[in-house]
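Below is one structure, written out as structure tokens, with a few remarks after it.
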Protein chains: 2
Amino acid sequence: MILDESNLSQLARGCAVLGGGGGGDPEIALAMSVLAVRETGGVRVIDLDDLDGDGLLMPCGLIGSPTVTVEKIWSGDEGRVLRDVVESMRNRPVAAVMCYEIAGSNGLLPVAWAAKLGLPILDADGMSRAFPEMQQQTMHLAGISASPLVMVDEHNNRVVLETVTNRWAERLARRVVATFGGVAAAALYQMTVVQARSAVSQGSLSRALAIGQALNRAAGDPVGALVEAVGAVELLSGKVIDVNRRSTGGFARGFAVVEGAGGYAGELLRLELQNEALVALRDGQVVATVPDIISVVDSYTGNAIGTERLHYGQNVSVVALSCDPAWTTEVGLEVAGPRAFGYQLPYVPFDGARLDQGEGVVCQPART
Amino acid sequence: MILDESNLSQLARGCAVLGGGGGGDPEIALAMSVLAVRETGGVRVIDLDDLDGDGLLMPCGLIGSPTVTVEKIWSGDEGRVLRDVVESMRNRPVAAVMCYEIAGSNGLLPVAWAAKLGLPILDADGMSRAFPEMQQQTMHLAGISASPLVMVDEHNNRVVLETVTNRWAERLARRVVATFGGVAAAALYQMTVVQARSAVSQGSLSRALAIGQALNRAAGDPVGALVEAVGAVELLSGKVIDVNRRSTGGFARGFAVVEGAGGYAGELLRLELQNEALVALRDGQVVATVPDIISVVDSYTGNAIGTERLHYGQNVSVVALSCDPAWTTEVGLEVAGPRAFGYQLPYVPFDGARLDQGEGVVCQPART
């Protein structure tokens, strides 16, 4: 598979849905990746089996608040800086680029960097969605070190972290990002292809692309398209009647309330936000939680609406999608379940299809 | 000259005076350096002329709030980590260690590191005193880059900064230090011996040692000893009657008021503090300002009292000492004059002896 001008906008639509409101608005990253593939003729999407076992993978993307991410323009040269620092630290060439997060702009910007570097991109990521913290990656669950964690800003300031734990990497990276004005381009969790086999969420780019292609065909029924493509479940459709959002400590935090319409008239859905939508309560009942993906899409176009773009009066559908099953294990929930975000709630599986490990696709849609 | 058990405590006394209240309490660093030279037999103090012109110098010390610095115990292995990272970044061996700051614990800890590394230490520093920020170094005035700025904490977390300006290095380092719990061991402003000739403040260790030796001989007249050794000027002697101090953003900020006694009865001296004592006002008149050194010493022992140890009721003498003349140039004052610290004041030279550039000693005492 080749990513080029013909399919990048569909990838962007899919990444926005998988972001669950996080990952940053893909608009600028889409423009950057389109410009990059115009110059280079497209980026090859590869699987782990296409690479030598000792090939070095470079997961990368932006770290920071999506509220800020959408406001910064990057030169496109960040990928080269990251690659150069990684290669000098690791003393070996990077074999392929990888999105650390298949969400929002972070599903697109690594495509632009791969194009400019002439490198392929792996059909995988480290989250299967968006998460706010750097230890919330499947590589962390697999015992891979986030270090050396390389960060660069738009001025070409560079920071390299070598930490004793991945939580230290998160703490330090968050402060550096705040000093960089809210966002950094970053490479982290470098690993070999052999390590990646049990450490990455495979099929992520394909899944995002499938979502985008389905939405393109949807013609006014985005929920139907999402159910068909990835077994999403509709939690509620209606109008946004309240949004409370603030940017603190590098995160966009708050809540949003959607008032049901049509078949959902009289119902209220409240979303708890920390960059991503993390908990959905319908009439006070928890109906979906992190690590599953809770995504707010425009009811007519199906375009996902990032946390930073939510506002009063939008007509939206809120859907739930399954995450990588690594996240619903006991260890996965410790790192990225509701309690990891401060909610005194157990994980509540939504009533829908599960993502099957290994295939990277949904078993069967539960609601049609 | 060799630094060993016979003179390290005198060096510590001198560093405390030159710190002007900053640099951290030398007690723990003194213990560490004594232990280190017991193992290795002393550290050779060298001049620039003792080294090859292309030899690499490694200025180092702790970065952080002295309030925290005195509470952390270091393993002594930090120096090796710093040296190893510097050598791998620079691709060449370190020829000598150097104190970036001849003040408080930062005048001692590099001696311990040099001992453990079997390296000599340069008779020089980058401040001639203590300053709170990392761009406030004579190397910065000379156009040397602070990068790569290497930091390590007591857990062995490592951060390397490569910044486009030294002010960026300061901003980032400050955040990292806060995340490290208030203090980091650091190496920065690496340079060759040739570069150092016009970039470092020479004679710093000798000056600190001369102060310590003079105080050891002083027998109850510390101001007299300081006047004799380095041309200090007494600003006031009396009792501390007010201290306001808080730790914010990695700095200890506040003020202290000393009520005059004896020949100073009826006079008040107010000290403005930002890690160091930066401005002295006697009865409302500015009598000394940064970059000159304002030091508070115990009236009987002559031991300097760090900003973090000042408290009500202490009997103290407040003295002013000259700094490296690089700091009283126009460029020097921009970086480290009163306005650089937010005081809307011009630099006010105290009425005393000036440090002569090149010799690293005082021209002539003005008050005897």
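Ordered as shown in the structure tokens, chains take letters A, B, and onward, while each chain numbers its residues from 1 and ligands are numbered from 1 in the order shown.
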Proximity of chain A to chain B: per-residue shortest pair, 10 Å limit, only C-alpha atoms, as JSON lines:
{"residue": "A:Ser88", "atom": "CA", "partner": "B:Met89", "partner_atom": "CA", "distance": 9.5}
{"residue": "A:Met89", "atom": "CA", "partner": "B:Met89", "partner_atom": "CA", "distance": 9.4}
{"residue": "A:Ser147", "atom": "CA", "partner": "B:Arg158", "partner_atom": "CA", "distance": 9.8}
{"residue": "A:Pro148", "atom": "CA", "partner": "B:Val159", "partner_atom": "CA", "distance": 9.3}
{"residue": "A:Leu149", "atom": "CA", "partner": "B:Val159", "partner_atom": "CA", "distance": 9.4}
{"residue": "A:Val150", "atom": "CA", "partner": "B:Val160", "partner_atom": "CA", "distance": 9.4}
{"residue": "A:Met151", "atom": "CA", "partner": "B:Leu161", "partner_atom": "CA", "distance": 9.5}
{"residue": "A:Val152", "atom": "CA", "partner": "B:Glu162", "partner_atom": "CA", "distance": 9.2}
{"residue": "A:Asp153", "atom": "CA", "partner": "B:Thr163", "partner_atom": "CA", "distance": 9.7}
{"residue": "A:His155", "atom": "CA", "partner": "B:Val164", "partner_atom": "CA", "distance": 7.1}
{"residue": "A:Asn156", "atom": "CA", "partner": "B:Val164", "partner_atom": "CA", "distance": 6.6}
{"residue": "A:Asn157", "atom": "CA", "partner": "B:Thr163", "partner_atom": "CA", "distance": 4.3}
{"residue": "A:Arg158", "atom": "CA", "partner": "B:Glu162", "partner_atom": "CA", "distance": 4.8}
{"residue": "A:Val159", "atom": "CA", "partner": "B:Leu161", "partner_atom": "CA", "distance": 4.5}
{"residue": "A:Val160", "atom": "CA", "partner": "B:Val160", "partner_atom": "CA", "distance": 4.9}
{"residue": "A:Leu161", "atom": "CA", "partner": "B:Val159", "partner_atom": "CA", "distance": 4.5}
{"residue": "A:Glu162", "atom": "CA", "partner": "B:Arg158", "partner_atom": "CA", "distance": 4.8}
{"residue": "A:Thr163", "atom": "CA", "partner": "B:Asn157", "partner_atom": "CA", "distance": 4.3}
{"residue": "A:Val164", "atom": "CA", "partner": "B:Asn157", "partner_atom": "CA", "distance": 5.6}
{"residue": "A:Thr165", "atom": "CA", "partner": "B:Asn157", "partner_atom": "CA", "distance": 8.4}
{"residue": "A:Trp168", "atom": "CA", "partner": "B:Asn157", "partner_atom": "CA", "distance": 7.8}
{"residue": "A:Ala169", "atom": "CA", "partner": "B:Asn157", "partner_atom": "CA", "distance": 8.7}
{"residue": "A:Arg171", "atom": "CA", "partner": "B:Thr179", "partner_atom": "CA", "distance": 6.9}
{"residue": "A:Leu172", "atom": "CA", "partner": "B:Thr179", "partner_atom": "CA", "distance": 6.2}
{"residue": "A:Ala173", "atom": "CA", "partner": "B:Val176", "partner_atom": "CA", "distance": 8.9}
{"residue": "A:Arg174", "atom": "CA", "partner": "B:Thr179", "partner_atom": "CA", "distance": 9.4}
{"residue": "A:Arg175", "atom": "CA", "partner": "B:Arg175", "partner_atom": "CA", "distance": 5.9}
{"residue": "A:Val176", "atom": "CA", "partner": "B:Leu172", "partner_atom": "CA", "distance": 6.3}
{"residue": "A:Val177", "atom": "CA", "partner": "B:Leu172", "partner_atom": "CA", "distance": 9.4}
{"residue": "A:Ala178", "atom": "CA", "partner": "B:Arg175", "partner_atom": "CA", "distance": 8.8}
{"residue": "A:Thr179", "atom": "CA", "partner": "B:Leu172", "partner_atom": "CA", "distance": 6.3}
{"residue": "A:Phe180", "atom": "CA", "partner": "B:Leu172", "partner_atom": "CA", "distance": 8.2}
Next, dump the selected residues to file, keeping only N, CA, C and O atoms, as a tab-separated table (two decimals), in the first residue's frame.
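Final output, part_37.tsv:
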chain	number	residue	atom	x	y	z
A	88	SER	N	22.30	8.78	15.74
A	88	SER	CA	23.57	9.02	16.43
A	88	SER	C	23.56	8.41	17.83
A	88	SER	O	24.58	7.96	18.33
A	89	MET	N	22.38	8.38	18.47
A	89	MET	CA	22.29	7.76	19.79
A	89	MET	C	22.36	6.24	19.69
A	89	MET	O	22.91	5.58	20.56
A	147	SER	N	13.21	5.70	26.29
A	147	SER	CA	14.48	6.42	26.09
A	147	SER	C	15.35	5.77	25.03
A	147	SER	O	15.30	4.55	24.87
A	148	PRO	N	16.20	6.51	24.33
A	148	PRO	CA	16.28	7.97	24.38
A	148	PRO	C	15.05	8.63	23.76
A	148	PRO	O	14.70	8.34	22.62
A	149	LEU	N	14.41	9.49	24.55
A	149	LEU	CA	13.26	10.24	24.06
A	149	LEU	C	13.79	11.58	23.53
A	149	LEU	O	14.33	12.38	24.28
A	150	VAL	N	13.65	11.77	22.23
A	150	VAL	CA	14.22	12.95	21.56
A	150	VAL	C	13.10	13.94	21.26
A	150	VAL	O	12.05	13.57	20.74
A	151	MET	N	13.31	15.20	21.62
A	151	MET	CA	12.32	16.24	21.34
A	151	MET	C	12.98	17.41	20.62
A	151	MET	O	14.12	17.76	20.93
A	152	VAL	N	12.24	18.02	19.72
A	152	VAL	CA	12.75	19.20	19.02
A	152	VAL	C	11.60	20.19	18.89
A	152	VAL	O	10.44	19.78	18.77
A	153	ASP	N	11.91	21.47	18.97
A	153	ASP	CA	10.85	22.48	18.79
A	153	ASP	C	11.04	23.18	17.45
A	153	ASP	O	11.93	22.83	16.66
A	155	HIS	N	12.15	26.00	16.82
A	155	HIS	CA	13.38	26.79	16.72
A	155	HIS	C	14.61	25.91	16.50
A	155	HIS	O	15.71	26.42	16.36
A	156	ASN	N	14.42	24.60	16.58
A	156	ASN	CA	15.51	23.61	16.50
A	156	ASN	C	16.22	23.42	17.85
A	156	ASN	O	17.35	22.96	17.89
A	157	ASN	N	15.57	23.79	18.95
A	157	ASN	CA	16.06	23.36	20.26
A	157	ASN	C	15.82	21.86	20.39
A	157	ASN	O	14.76	21.36	19.99
A	158	ARG	N	16.81	21.16	20.94
A	158	ARG	CA	16.71	19.70	21.04
A	158	ARG	C	16.92	19.25	22.47
A	158	ARG	O	17.80	19.77	23.16
A	159	VAL	N	16.12	18.30	22.89
A	159	VAL	CA	16.26	17.73	24.23
A	159	VAL	C	16.26	16.21	24.09
A	159	VAL	O	15.42	15.65	23.38
A	160	VAL	N	17.20	15.56	24.75
A	160	VAL	CA	17.23	14.10	24.79
A	160	VAL	C	17.07	13.65	26.23
A	160	VAL	O	17.82	14.10	27.10
A	161	LEU	N	16.09	12.80	26.49
A	161	LEU	CA	15.87	12.24	27.82
A	161	LEU	C	16.32	10.79	27.84
A	161	LEU	O	16.00	10.02	26.94
A	162	GLU	N	17.08	10.43	28.88
A	162	GLU	CA	17.44	9.03	29.14
A	162	GLU	C	17.00	8.75	30.57
A	162	GLU	O	17.70	9.13	31.51
A	163	THR	N	15.85	8.14	30.73
A	163	THR	CA	15.29	8.03	32.06
A	163	THR	C	15.28	6.59	32.55
A	163	THR	O	15.32	5.65	31.76
A	164	VAL	N	15.20	6.45	33.89
A	164	VAL	CA	15.23	5.11	34.48
A	164	VAL	C	13.87	4.43	34.40
A	164	VAL	O	13.79	3.20	34.51
A	165	THR	N	12.80	5.20	34.22
A	165	THR	CA	11.48	4.60	33.99
A	165	THR	C	10.77	5.44	32.92
A	165	THR	O	11.12	6.59	32.67
A	168	TRP	N	9.10	8.56	34.35
A	168	TRP	CA	10.02	9.69	34.43
A	168	TRP	C	10.11	10.39	33.06
A	168	TRP	O	10.16	11.62	32.98
A	169	ALA	N	10.14	9.61	32.01
A	169	ALA	CA	10.18	10.21	30.67
A	169	ALA	C	8.95	11.08	30.46
A	169	ALA	O	9.05	12.21	29.95
A	171	ARG	N	7.07	12.55	32.78
A	171	ARG	CA	7.13	13.74	33.63
A	171	ARG	C	8.05	14.80	33.05
A	171	ARG	O	7.73	15.98	32.99
A	172	LEU	N	9.24	14.34	32.62
A	172	LEU	CA	10.20	15.29	32.07
A	172	LEU	C	9.73	15.86	30.73
A	172	LEU	O	9.84	17.06	30.47
A	173	ALA	N	9.20	14.97	29.89
A	173	ALA	CA	8.76	15.42	28.56
A	173	ALA	C	7.67	16.47	28.71
A	173	ALA	O	7.64	17.47	27.98
A	174	ARG	N	6.77	16.28	29.67
A	174	ARG	CA	5.66	17.22	29.85
A	174	ARG	C	6.18	18.62	30.19
A	174	ARG	O	5.67	19.62	29.70
A	175	ARG	N	7.22	18.68	31.02
A	175	ARG	CA	7.77	19.98	31.39
A	175	ARG	C	8.49	20.63	30.21
A	175	ARG	O	8.41	21.83	30.01
A	176	VAL	N	9.20	19.80	29.48
A	176	VAL	CA	9.92	20.33	28.31
A	176	VAL	C	8.91	20.87	27.30
A	176	VAL	O	9.08	21.97	26.75
A	177	VAL	N	7.84	20.12	27.08
A	177	VAL	CA	6.80	20.54	26.15
A	177	VAL	C	6.21	21.88	26.58
A	177	VAL	O	6.01	22.79	25.76
A	178	ALA	N	5.96	22.03	27.89
A	178	ALA	CA	5.42	23.30	28.38
A	178	ALA	C	6.39	24.44	28.09
A	178	ALA	O	5.99	25.53	27.68
A	179	THR	N	7.69	24.17	28.26
A	179	THR	CA	8.70	25.20	28.00
A	179	THR	C	8.80	25.49	26.50
A	179	THR	O	9.09	26.62	26.10
A	180	PHE	N	8.56	24.49	25.69
A	180	PHE	CA	8.58	24.67	24.24
A	180	PHE	C	7.32	25.40	23.75
A	180	PHE	O	7.12	25.54	22.56
Selection near Gln136 of chain A, 8 Å with only C-alpha atoms, sequence-local residues under 6 positions removed, as a list in words: Met127, Val335 and Ala336 of chain A
Residues of segment 39-158 of chain B in alpha helix (DSSP H), written as number ranges by chain: B: 39-40, 66-69, 78-90, 109-117, 138-141
Can you write out the residues you just picked, keeping C-alpha atoms, as a compact mmCIF listing (two decimals), in the first residue's frame?
# COMPACT_ATOMS: atom_id res chain seq x y z
CA GLU B 39 40.51 7.63 48.37
CA THR B 40 42.59 9.27 45.67
CA PRO B 66 20.03 26.00 47.36
CA THR B 67 17.10 25.28 49.67
CA VAL B 68 16.81 21.88 48.02
CA THR B 69 20.49 21.41 47.27
CA GLU B 78 27.32 11.87 39.00
CA GLY B 79 30.65 13.26 37.81
CA ARG B 80 31.42 10.07 35.94
CA VAL B 81 27.99 10.07 34.28
CA LEU B 82 28.44 13.71 33.25
CA ARG B 83 31.95 13.06 31.94
CA ASP B 84 30.82 9.96 29.99
CA VAL B 85 27.92 11.77 28.34
CA VAL B 86 30.08 14.82 27.54
CA GLU B 87 32.82 12.65 26.03
CA SER B 88 30.32 10.70 23.90
CA MET B 89 28.70 13.94 22.70
CA ARG B 90 32.06 15.61 22.00
CA LEU B 109 31.44 19.07 44.43
CA PRO B 110 33.52 19.32 41.21
CA VAL B 111 36.58 18.62 43.39
CA ALA B 112 34.97 15.35 44.51
CA TRP B 113 34.11 14.51 40.91
CA ALA B 114 37.62 15.36 39.70
CA ALA B 115 39.10 13.15 42.45
CA LYS B 116 36.94 10.19 41.46
CA LEU B 117 37.74 10.71 37.78
CA THR B 138 31.53 34.51 31.61
CA MET B 139 31.52 31.79 28.92
CA HIS B 140 28.15 33.14 27.74
CA LEU B 141 29.65 36.64 27.50
May I have all residues of segment 94-306 of chain A that DSSP, computed from the backbone, assigns to strand (DSSP E or B), given as a ChimeraX atom specification? /A:94-99,121-122,124-125,149-152,158-162,183-187,191-192,201-202,233-248,251-260,268-274,276-282,285-289,293-298,304
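Closest approach to Leu215 of chain B among B:Val183, B:Leu108, B:Leu321, B:Val230 is made by B:Val230 (distances from only C-alpha atoms).
Taking only C-alpha atoms into account, Ala142 of chain A lies nearest to A:Gly332 out of the set A:Gly118, A:Pro346, A:Gly332, A:Gly337.
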For atom CA of Leu51 of chain B and atom CA of Asp123 of chain B, the interatomic separation in Å (one decimal):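 Distance between the two atoms: 11.9 Å.
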Skip Ala124 of chain A itself and residues of its chain fewer than 3 positions away, then list as a PyMOL selection string all residues within 6 Å of it, counting only C-alpha atoms. chain A and resi 201-204
Give me a file of those residues, with N, CA, C and O atoms, as a compact mmCIF listing (two decimals), in the first residue's frame.
# COMPACT_ATOMS: atom_id res chain seq x y z
N SER A 201 0.80 -2.05 18.21
CA SER A 201 -0.58 -2.33 17.80
C SER A 201 -0.59 -2.35 16.27
O SER A 201 -0.49 -1.30 15.63
N GLN A 202 -0.71 -3.55 15.70
CA GLN A 202 -0.56 -3.68 14.25
C GLN A 202 -1.85 -3.34 13.51
O GLN A 202 -2.94 -3.48 14.05
N GLY A 203 -1.68 -2.92 12.27
CA GLY A 203 -2.83 -2.66 11.40
C GLY A 203 -3.47 -1.30 11.58
O GLY A 203 -4.55 -1.03 11.03
N SER A 204 -2.81 -0.41 12.33
CA SER A 204 -3.44 0.87 12.68
C SER A 204 -3.72 1.76 11.48
O SER A 204 -4.79 2.38 11.38
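Note that atom CA of Ala304 of chain A and atom CA of Gly212 of chain A are 10.4 Å apart.
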Find the residues around Leu310 of chain A up to 9 Å (only C-alpha atoms counted), leave out those fewer than 2 positions away in its own chain, and share them as a ChimeraX atom specification. /A:21,240,243,256,296,305-308,312,314
Mind writing the picked residues with N, CA, C and O atoms as a compact mmCIF listing (two decimals), in the first residue's frame?
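As a result, out-v2.txt now contains:
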# COMPACT_ATOMS: atom_id res chain seq x y z
N GLY A 21 -11.10 12.49 19.94
CA GLY A 21 -11.02 13.89 20.34
C GLY A 21 -9.59 14.36 20.55
O GLY A 21 -9.32 15.55 20.65
N VAL A 240 -24.68 19.56 21.05
CA VAL A 240 -23.79 19.94 22.15
C VAL A 240 -24.42 21.13 22.87
O VAL A 240 -24.71 22.16 22.24
N VAL A 243 -19.97 23.01 26.99
CA VAL A 243 -18.57 22.61 26.87
C VAL A 243 -17.77 23.39 27.91
O VAL A 243 -17.87 24.62 27.98
N ALA A 256 -18.03 17.87 28.29
CA ALA A 256 -19.02 18.34 27.32
C ALA A 256 -20.31 17.59 27.56
O ALA A 256 -20.29 16.44 28.01
N VAL A 296 -16.54 11.82 18.97
CA VAL A 296 -17.65 12.71 18.64
C VAL A 296 -17.52 13.07 17.17
O VAL A 296 -16.50 13.62 16.75
N ILE A 305 -14.78 15.43 15.62
CA ILE A 305 -14.57 16.77 16.18
C ILE A 305 -13.60 16.65 17.35
O ILE A 305 -13.90 15.99 18.35
N GLY A 306 -12.45 17.27 17.21
CA GLY A 306 -11.44 17.21 18.27
C GLY A 306 -11.92 17.92 19.52
O GLY A 306 -12.74 18.84 19.44
N THR A 307 -11.39 17.50 20.66
CA THR A 307 -11.73 18.11 21.95
C THR A 307 -11.64 19.63 21.87
O THR A 307 -12.47 20.34 22.43
N GLU A 308 -10.62 20.12 21.17
CA GLU A 308 -10.38 21.56 21.14
C GLU A 308 -11.34 22.29 20.20
O GLU A 308 -11.34 23.51 20.16
N TYR A 312 -20.74 24.77 21.60
CA TYR A 312 -22.20 24.78 21.76
C TYR A 312 -22.90 24.75 20.41
O TYR A 312 -22.50 25.45 19.48
N GLN A 314 -23.30 22.29 18.17
CA GLN A 314 -22.94 21.32 17.12
C GLN A 314 -23.91 20.13 17.16
O GLN A 314 -24.27 19.65 18.24
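Residues within 9 Å of Ile294 of chain A, counting only C-alpha atoms and excluding same-chain residues fewer than 6 positions away, are Val17, Leu18, Gly19, Gly20, Gly21, Leu235, Leu271, Glu276, Ala277, Leu278, Val279, Ala280, Ala288, Val318, Val319, Ala320, Leu321 and Ser322 of chain A.
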